[in-house]
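Q: First, the structure itself, so that you have it in front of you.
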Amino acid sequence: MSTSVALNWTVGKSTKFSNRARNGEEKFVRDKYGWGSWYPWIYARWNSDHISNLDAWHLFFSSFTHGRIESIKTYYKLETHLAAELKYILPFKINALQEVFQISQHSRSEINSHFFTTWPTGSVIGLHLRRGEIMSQDESWIRPGTSAFSIDDHIKGVLRMSERLNTDQVYVATDSTNTLELPRKKLPNFNIFSSNTDRSKFYRIEHEKIYDMQHFIFDNPKLGEFYAYSSISDLKYLSQCQGLVGKFSSEFMLTAWLLALGNQQEYVPFVDLHGDVTKLIRDRLIYT
């Protein structure tokens, strides 16, 4: 959504919130659940069956106040170490994400009640340890075609960022309680903390059984609320970090990084487990 807003801004257009479902989704919910219509989308069904997607959006975010985001007049110019051509595209994407990712008061209450963490003073490293839907519980089996890195790879990234920021504080975003304990064992002298999330609710992939997380939520729509708030809370906390470690190919971490740039209005270093070669591919940035 923020990409659409950014692209519209580059040509001087505003963005209107749409109730349109993606191809095939409306038929899917009618056939699978017997819902009378697509609205609201599955992540807000727990609240009401009789609200529009815009109303459902406002359960999580306060943006699109009047159903649209107007064309931008000025934008924040990021002083960055990235390639020169990126300087003129990043500001639009960063500002668009800031406009879209405005957490509603309702979301803030949910985060404070169920996903809270006490934030320390000083610099913090944000570490993303993705496990649930790509790796079995014992980490002996990885979903084919998925890039997964060992805990030691992640620790090397944390140590590299620790030297740069001169800090031993690490916020860990993960869906696995067992995984959360690994960096604590590897880095006993670090302050490693996370959100107060009930991680038993997350889906865990089984050995050689591929089951997409999205389909898991389709089959368990009442968990849509939990997944939405847990994601929003981790993005909120990661955007407060002064350095990030993870996979830049992950859209989740790309979003966290752009949010961090906008929130802090300065360059936020990123240790990418894939490498450090920056490429501009169409309308998004990836590291390869």
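Going through the structure tokens in order, the chains are called A, B, and so on, while each chain numbers its residues from 1 and the ligands are numbered from 1 in the order shown.
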Taking the backbone alone, and naming residues the way the document does, which bits of stretch 3-231 of chain A are helix (DSSP H, G or I) by DSSP, as a VMD selection string?

A: chain A and resid 3 to 10 25 to 33 42 to 44 53 to 60 84 to 86 90 to 100 105 to 114 151 to 165 177 to 186 199 to 201 213 to 219 221 to 231

Q: With C-alpha atoms retained, could you export that selection as a tab-separated table (two decimals), in the first residue's frame?

A:
```tsv
chain	number	residue	atom	x	y	z
A	3	THR	CA	4.48	1.61	-2.46
A	4	SER	CA	1.29	2.60	-4.29
A	5	VAL	CA	1.14	5.84	-2.31
A	6	ALA	CA	4.80	6.58	-3.12
A	7	LEU	CA	4.36	5.88	-6.84
A	8	ASN	CA	1.28	8.10	-6.94
A	9	TRP	CA	3.21	10.89	-5.25
A	10	THR	CA	5.89	10.80	-7.94
A	25	GLU	CA	-10.18	-14.01	-2.80
A	26	GLU	CA	-13.82	-13.05	-2.71
A	27	LYS	CA	-14.87	-16.37	-4.26
A	28	PHE	CA	-12.55	-18.15	-1.81
A	29	VAL	CA	-14.18	-16.72	1.33
A	30	ARG	CA	-17.68	-17.28	-0.06
A	31	ASP	CA	-16.94	-20.93	-0.88
A	32	LYS	CA	-14.81	-21.74	2.18
A	33	TYR	CA	-16.65	-19.85	4.92
A	42	ILE	CA	-9.96	-11.88	7.15
A	43	TYR	CA	-7.64	-10.09	9.59
A	44	ALA	CA	-10.56	-8.03	10.91
A	53	ASN	CA	-12.34	-2.65	4.71
A	54	LEU	CA	-11.61	0.99	5.53
A	55	ASP	CA	-13.32	0.56	8.91
A	56	ALA	CA	-11.38	-2.67	9.37
A	57	TRP	CA	-8.14	-0.86	8.46
A	58	HIS	CA	-8.85	1.71	11.14
A	59	LEU	CA	-8.86	-1.03	13.77
A	60	PHE	CA	-5.11	-1.24	13.17
A	84	ALA	CA	23.09	8.30	-5.78
A	85	GLU	CA	20.03	7.18	-7.77
A	86	LEU	CA	18.47	5.82	-4.59
A	90	LEU	CA	13.90	6.42	-0.99
A	91	PRO	CA	12.41	9.66	0.39
A	92	PHE	CA	9.09	8.97	-1.33
A	93	LYS	CA	8.97	5.38	-0.05
A	94	ILE	CA	10.00	6.38	3.46
A	95	ASN	CA	7.45	9.18	3.71
A	96	ALA	CA	4.69	7.06	2.19
A	97	LEU	CA	5.31	4.34	4.77
A	98	GLN	CA	5.23	6.96	7.53
A	99	GLU	CA	1.86	8.13	6.23
A	100	VAL	CA	0.42	4.61	5.99
A	105	GLN	CA	-5.00	3.95	19.48
A	106	HIS	CA	-6.79	0.59	19.53
A	107	SER	CA	-3.64	-1.14	18.25
A	108	ARG	CA	-1.49	0.67	20.79
A	109	SER	CA	-3.76	-0.58	23.58
A	110	GLU	CA	-3.50	-4.15	22.27
A	111	ILE	CA	0.30	-3.91	21.98
A	112	ASN	CA	0.62	-2.53	25.51
A	113	SER	CA	-1.64	-5.27	26.86
A	114	HIS	CA	-0.30	-8.33	25.02
A	151	ILE	CA	21.90	-19.05	14.68
A	152	ASP	CA	25.68	-18.57	14.36
A	153	ASP	CA	25.14	-16.53	11.16
A	154	HIS	CA	22.75	-14.29	13.08
A	155	ILE	CA	25.15	-13.97	16.01
A	156	LYS	CA	27.98	-12.91	13.67
A	157	GLY	CA	25.68	-10.19	12.34
A	158	VAL	CA	24.84	-9.02	15.86
A	159	LEU	CA	28.53	-8.89	16.83
A	160	ARG	CA	29.32	-6.91	13.69
A	161	MET	CA	26.56	-4.42	14.47
A	162	SER	CA	27.58	-4.34	18.13
A	163	GLU	CA	31.05	-3.14	17.15
A	164	ARG	CA	29.60	-0.44	14.93
A	165	LEU	CA	27.08	0.87	17.46
A	177	THR	CA	10.27	-19.25	22.23
A	178	ASN	CA	12.97	-21.91	21.78
A	179	THR	CA	14.72	-19.76	19.20
A	180	LEU	CA	14.63	-16.78	21.53
A	181	GLU	CA	16.79	-18.64	24.02
A	182	LEU	CA	19.56	-19.35	21.49
A	183	PRO	CA	21.08	-15.83	21.23
A	184	ARG	CA	20.90	-15.58	25.03
A	185	LYS	CA	23.06	-18.69	25.32
A	186	LYS	CA	25.45	-17.52	22.60
A	199	ARG	CA	4.40	-17.53	20.91
A	200	SER	CA	2.48	-20.77	21.41
A	201	LYS	CA	-0.17	-19.29	19.10
A	213	MET	CA	1.20	-19.47	7.03
A	214	GLN	CA	-1.43	-17.57	5.06
A	215	HIS	CA	-3.43	-20.77	4.59
A	216	PHE	CA	-3.06	-21.47	8.29
A	217	ILE	CA	-4.74	-18.14	9.02
A	218	PHE	CA	-7.42	-18.87	6.43
A	219	ASP	CA	-8.16	-22.10	8.31
A	221	PRO	CA	-9.45	-16.87	11.04
A	222	LYS	CA	-9.79	-16.08	14.75
A	223	LEU	CA	-5.98	-16.00	14.92
A	224	GLY	CA	-5.87	-13.27	12.28
A	225	GLU	CA	-6.13	-10.63	15.01
A	226	PHE	CA	-3.16	-12.10	16.91
A	227	TYR	CA	-0.98	-12.31	13.79
A	228	ALA	CA	-1.80	-8.75	12.80
A	229	TYR	CA	-1.01	-7.24	16.19
A	230	SER	CA	2.15	-9.32	16.69
A	231	SER	CA	3.46	-8.16	13.30
```

Q: What's the 9 Å shell around A:Thr167, counting only C-alpha atoms, without same-chain residues fewer than 5 positions away, as a list of chain:residue names?

A: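 Listed by chain and then number, they are A:Gly122, A:Ser123, A:Val124, A:Ile125, A:Met161, A:Ser162, A:Phe190.
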
Q: Using DSSP on the backbone, list every residue of stretch 63-275 of chain A that comes out as strand (DSSP E), and give them as a list in words.

A: Arg68, Ile69, Ile125, Gly126, Leu127, His128, Leu129, Gln169, Val170, Tyr171, Val172, Ala173, Thr174, Asn191, Ile192, Phe193, Gly243, Leu244, Val245, Gly246, Phe270, Val271 and Asp272 of chain A

Q: What does the distance between atom CA of A:Asn189 and atom CA of A:Thr121 come to in Å, to one decimal place?

A: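 Between these atoms lies a distance of 17.0 Å.
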
Q: At a cut-off of 9 Å, using only C-alpha atoms, what residues contact A:Met253? Leave out same-chain residues fewer than 6 positions from it and give the result as a PDB file with N, CA and C atoms, in the first residue's frame.

A:
```
ATOM      1  N   HIS A 128      16.057 -10.076  13.590  1.00  0.00           N
ATOM      2  CA  HIS A 128      14.887 -10.828  13.128  1.00  0.00           C
ATOM      3  C   HIS A 128      15.277 -12.293  12.957  1.00  0.00           C
ATOM      4  N   LEU A 235       7.204  -4.665  14.138  1.00  0.00           N
ATOM      5  CA  LEU A 235       7.636  -3.589  13.248  1.00  0.00           C
ATOM      6  C   LEU A 235       7.835  -2.293  14.028  1.00  0.00           C
ATOM      7  N   LEU A 238      11.149  -2.802  16.048  1.00  0.00           N
ATOM      8  CA  LEU A 238      12.313  -2.823  15.164  1.00  0.00           C
ATOM      9  C   LEU A 238      12.614  -1.433  14.608  1.00  0.00           C
ATOM     10  N   LEU A 244      19.946  -2.881  12.350  1.00  0.00           N
ATOM     11  CA  LEU A 244      19.134  -4.074  12.125  1.00  0.00           C
ATOM     12  C   LEU A 244      19.982  -5.213  11.572  1.00  0.00           C
ATOM     13  N   VAL A 245      19.596  -6.429  11.947  1.00  0.00           N
ATOM     14  CA  VAL A 245      20.275  -7.637  11.461  1.00  0.00           C
ATOM     15  C   VAL A 245      19.209  -8.617  10.984  1.00  0.00           C
ATOM     16  N   GLY A 246      19.356  -9.095   9.761  1.00  0.00           N
ATOM     17  CA  GLY A 246      18.385 -10.038   9.217  1.00  0.00           C
ATOM     18  C   GLY A 246      18.569 -10.202   7.720  1.00  0.00           C
ATOM     19  N   LYS A 247      17.502 -10.586   7.038  1.00  0.00           N
ATOM     20  CA  LYS A 247      17.534 -10.754   5.590  1.00  0.00           C
ATOM     21  C   LYS A 247      16.844  -9.566   4.934  1.00  0.00           C
TER      22      LYS A 247
END
```

Q: Provide the atom CA of A:Arg68 to atom CA of A:Trp41 distance in Å, to one decimal place.

A: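 About the pair atom CA of A:Arg68 and atom CA of A:Trp41: they are 18.4 Å apart.
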
Q: Could you check which of A:Val271, A:Ile103, A:Met1, A:Met135 is closest to A:Trp257, using only C-alpha atoms?

A: A:Val271

Q: Can you pull out the residues contacting A:Ser140? Cut-off 12 Å, using only C-alpha atoms, and skip same-chain residues under 5 positions away; I want them as a PyMOL selection string.

A: chain A and resi 131+134-135+148+150+205-208

Q: Using only C-alpha atoms, pick whichever of A:Ser63, A:Thr146, A:Ser37, A:Ser2 has the shortest atom-to-atom distance to A:Ser250.

A: A:Thr146

Q: Can you pull out every residue within 8 Å of A:Gly126, counting only C-alpha atoms, but drop anything in the same chain fewer than 5 positions away, and send it as a PDB file with C-alpha atoms, in the first residue's frame?

A:
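File written: selection.pdb
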```
ATOM      1  CA  VAL A 170      19.460  -6.607  21.280  1.00  0.00           C
ATOM      2  CA  TYR A 171      15.729  -6.685  20.549  1.00  0.00           C
ATOM      3  CA  VAL A 172      14.725 -10.037  19.028  1.00  0.00           C
ATOM      4  CA  ALA A 173      11.682 -10.352  16.770  1.00  0.00           C
ATOM      5  CA  LEU A 238      12.313  -2.823  15.164  1.00  0.00           C
ATOM      6  CA  CYS A 241      16.384   0.196  16.780  1.00  0.00           C
ATOM      7  CA  GLN A 242      19.585   1.967  15.733  1.00  0.00           C
ATOM      8  CA  GLY A 243      20.797  -0.991  13.649  1.00  0.00           C
ATOM      9  CA  LEU A 244      19.134  -4.074  12.125  1.00  0.00           C
ATOM     10  CA  VAL A 245      20.275  -7.637  11.461  1.00  0.00           C
TER      11      VAL A 245
END
```

Q: Identify which of the residues A:Phe252, A:Trp35, A:Trp119, A:Phe149 lies closest to A:Phe193, counting only C-alpha atoms when measuring atom-to-atom distances.

A: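 Using only C-alpha atoms, the shortest distance to A:Phe193 belongs to A:Trp119.
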
Q: Grab the atom CA of A:Ala260 to atom CA of A:Phe17 distance for me, in Å with one decimal place.

A: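 Calculated distance between atom CA of A:Ala260 and atom CA of A:Phe17 is 24.6 Å.
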
Q: May I ask which of the residues A:Asn19, A:Arg204, A:His66, A:Ser195 is the closest one to A:Ile51, counting only C-alpha atoms?

A: A:Asn19
